[in-house]
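So the structure is just underneath, and the comments pick up after that.
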Amino acid sequence: MAYDADLAVRIEAVLHGREAFSQRKMFGGVAYMLNGNMCVGIHKDWLVVRLAPETAASLLDQPGVKPFDITGRPMKGWLLVAREAMGEAAQLSAWIERAETFVAGLPPKKPKAK
């Protein structure tokens, strides 16, 4: 299944001018990387966010938020966010900023040799 191109446009508008971010195809969708680490992405029509595991766990009770689980094993610290939980531009920005704050504290990944 293709990913939500409209959501990609919205994410790219939030990330505009942030040169530390790069884009990569991942999980059948698109991921936005910060220093080589996935920060946010799109899986089908869901926003994927990477957070500290304890932060992610504390947000699971919000409407439209669920664990990121595409393999049968939820990934700790990763959430899927539905459209209703990020409908407004400010809501989407807040989710991206949460993820950016966490991922910015991770060690940068070195590019893999090709």
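Ligands are numbered from 1 in the order shown, chains are lettered A, B, ... in the order of the structure tokens, and residues start at 1 in each chain.
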
Self-check item: Spatial neighbours of Pro107 in chain A, 12 Å, only C-alpha atoms, chain gap at least 5 places, as a PyMOL selection string
Solution: chain A and resi 34-38+102

- Task: Quick one: everything within 10 Å of Thr101 in chain A, counting only C-alpha atoms, minus sequence neighbours fewer than 4 positions away in the same chain. Send it as number ranges by chain.
- Result: A: 39, 50-52, 96-97, 105-106

For N, CA and C atoms, I'd like the residues from the last selection saved as a PDB file, in the first residue's frame.
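Saved as part05.pdb:
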```pdb
ATOM      1  N   CYS A  39      13.550   9.603  12.615  1.00  0.00           N
ATOM      2  CA  CYS A  39      12.883  10.492  13.564  1.00  0.00           C
ATOM      3  C   CYS A  39      11.372  10.371  13.427  1.00  0.00           C
ATOM      4  N   ARG A  50       9.312   8.518  16.641  1.00  0.00           N
ATOM      5  CA  ARG A  50      10.256   7.824  17.512  1.00  0.00           C
ATOM      6  C   ARG A  50      10.482   8.680  18.753  1.00  0.00           C
ATOM      7  N   LEU A  51      10.218   8.076  19.902  1.00  0.00           N
ATOM      8  CA  LEU A  51      10.314   8.792  21.174  1.00  0.00           C
ATOM      9  C   LEU A  51      11.055   7.935  22.192  1.00  0.00           C
ATOM     10  N   ALA A  52      11.397   8.531  23.311  1.00  0.00           N
ATOM     11  CA  ALA A  52      11.920   7.731  24.415  1.00  0.00           C
ATOM     12  C   ALA A  52      10.846   6.712  24.795  1.00  0.00           C
ATOM     13  N   ILE A  96       6.178  16.077  15.751  1.00  0.00           N
ATOM     14  CA  ILE A  96       7.500  16.087  15.127  1.00  0.00           C
ATOM     15  C   ILE A  96       8.536  16.645  16.090  1.00  0.00           C
ATOM     16  N   GLU A  97       8.199  17.692  16.816  1.00  0.00           N
ATOM     17  CA  GLU A  97       9.142  18.282  17.773  1.00  0.00           C
ATOM     18  C   GLU A  97       9.473  17.318  18.904  1.00  0.00           C
ATOM     19  N   GLY A 105      19.195  13.658  20.597  1.00  0.00           N
ATOM     20  CA  GLY A 105      20.061  13.204  21.674  1.00  0.00           C
ATOM     21  C   GLY A 105      20.719  11.855  21.423  1.00  0.00           C
ATOM     22  N   LEU A 106      20.372  11.194  20.327  1.00  0.00           N
ATOM     23  CA  LEU A 106      20.977   9.907  19.987  1.00  0.00           C
ATOM     24  C   LEU A 106      22.306  10.131  19.279  1.00  0.00           C
TER      25      LEU A 106
END
```

If we count only C-alpha atoms, what is near Val65 in chain A at a cut-off of 7 Å, once residues fewer than 6 positions away on the same chain are taken out, given as a ChimeraX atom specification?
/A:79-82

C-alpha atoms of the current selection, written as a CSV table (one decimal), in the first residue's frame:
```csv
chain,number,residue,atom,x,y,z
A,79,LEU,CA,4.2,5.1,17.9
A,80,LEU,CA,1.6,5.3,15.1
A,81,VAL,CA,-0.4,8.5,15.1
A,82,ALA,CA,-3.7,8.7,13.3
```

_Option closest in space to Tyr3 in chain A, from A:Ala20, A:Asp61, A:Leu15, A:Ala31 [counting only C-alpha atoms]_ =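 Going through A:Ala20, A:Asp61, A:Leu15, A:Ala31 one by one, the smallest distance to Tyr3 in chain A is for A:Ala31.
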
Just the number, please: distance in Å from CA of Pro63 in chain A to CA of Glu100 in chain A, one decimal.
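For CA of Pro63 in chain A relative to CA of Glu100 in chain A, the distance reads 21.6 Å.
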
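Minimum atom-to-atom distances from A:Ala8, A:Val14, A:Met86, A:Met33 to Gln62 in chain A were compared using only C-alpha atoms, and the lowest value belongs to A:Met86.
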
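Counting only C-alpha atoms and comparing A:Ala2, A:Pro74, A:Gln23, A:Ile11, the residue that lies closest to His43 in chain A is A:Ala2.
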
Using the chain letters and numbers from this document, which residues of range 8-101 of chain A does DSSP assign to helix (DSSP H, G or I), as a PyMOL selection string? chain A and resi 8-15+53-59+83-85+89-101

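For the pair CA of His16 in chain A and CA of Val48 in chain A, the separation is 18.3 Å.
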
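Take the candidates A:Glu12, A:Glu19, A:Ala89, A:Lys76 and check each one against Ala56 in chain A using only C-alpha atoms; the shortest distance goes to A:Lys76.
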
As an MDAnalysis selection string, which residues of range 32-113 of chain A does DSSP assign to strand (DSSP E)?
chainID A and resid 32:34 37:43 46:50 65:67 78:81

| said: So, with only C-alpha atoms as the atoms that count, which of A:Lys110, A:Arg24, A:Lys66, A:Arg10 lies closest to Ala90 in chain A? | reply: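 Smallest distance to Ala90 in chain A is found for A:Arg10.
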
The residue from A:Glu84, A:Lys112, A:Val30, A:Gly77 with the smallest atom-to-atom distance to Ala99 in chain A, counting only C-alpha atoms, is A:Gly77
